[in-house]
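*Asks:* Dropping a structure here in structure tokens format, bear with me for questions.
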Amino acid sequence: MEPTHIEHIGIAVKSLDEAIPFYEKVLGLRCYNIEEVSDQKVRTAFFKVGQTKIELLESTDPEGPVSKFIEKRGEGIHHLAFAVSGLEDKLREAESRGVRLIDSSPRKGAEGLDIAFLHPKSTFGVLTELCENKSGK
Ligand code: CMX
């Protein structure tokens with residue numbers, strides 16, 4: 001896979017409005033983007049720590065993956081996202097090694113990234129996202 005870095009850490013929260021002040025006022029980070037990803041049924045808020053982002057996730061739909069996650073496990077770390085290049089090939093590689101894919105081909109995520117998820121049942125309990133930034137930004 002050879003990921004270059006951890007692109008972001010996804011954290012499920014009930015309310016962005018309630019969680020953002022902790023990251024801004026206590027940790028001293030700046031929320032530089034809020035974006036809805038309707039495909040994933042979430043509203044996201046982004047902070048940067050070095051090269052890595054923190055992505056807060058608030059569900060926009062009671063049947064969405066983040067709502068279901070909070071219902072079962074409460075608020076907290078939801079997924080880990082690795083930056084890779086050649087995402088399509090990396091998915092084929094994961095599949096050939098017996099990893100269960102959630103997305104068999106890349107789709108569009110927040111901030112214009114191409115993303116795909118690996119199932120937590122085949123990644124030792126951690127929902128794992130692979131992302132590729134093709135925009136060069
Ligand atoms: N981390 C670890 N385990 C998780 C998990 C997570 N984030 N979400 C669900 N699970 C576990 C559940 O606890 C459950 O385990 P048990 O069977 O032991 O109880 C199992 O996976 C199945 O969970 P479920 O509640 O029945 O939910 P589904 O099977 O319907 O969906 C999953 C689970 C991971 C396939 C689904 O949430 C998914 O497709 N996620 C990827 C998309 C996503 O999360 N998008 C939001 C973020 C968007 C973004 O970053 O832009």
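We name chains A, B, ... following the order of the structure tokens; residues begin at 1 in each chain, and ligands are numbered from 1 as shown.
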Among chain A, which residues does DSSP mark as strand (DSSP E or B) when it is run on the backbone? Keep the chain and numbering as in the structure and answer as a ChimeraX atom specification.

*Replies:* /A:5-13,33-37,42-49,52-59,76-83,101,107-108,114-118,128-132

*Asks:* Could you name the residues that touch Leu57 of chain A at 9 Å or less, counting only C-alpha atoms, but leaving out those on the same chain fewer than 6 positions away, as an MDAnalysis selection string?

*Replies:* chainID A and resid 10:16 42:45 66 78

*Asks:* Quick one: which segment 22-105 of chain A residues come within 7 Å of segment 111-125 of chain A, and what is the nearest atom pair for each with the distance in Å to one decimal, counting only C-alpha atoms, rows ordered by chain and ascending number, as CSV?

*Replies:*
residue,atom,partner,partner_atom,distance
A:Val99,CA,A:Ser122,CA,5.7
A:Arg100,CA,A:His119,CA,5.6
A:Leu101,CA,A:Leu118,CA,4.6
A:Ile102,CA,A:Phe117,CA,5.3
A:Asp103,CA,A:Ala116,CA,5.2
A:Ser105,CA,A:Ala116,CA,6.8
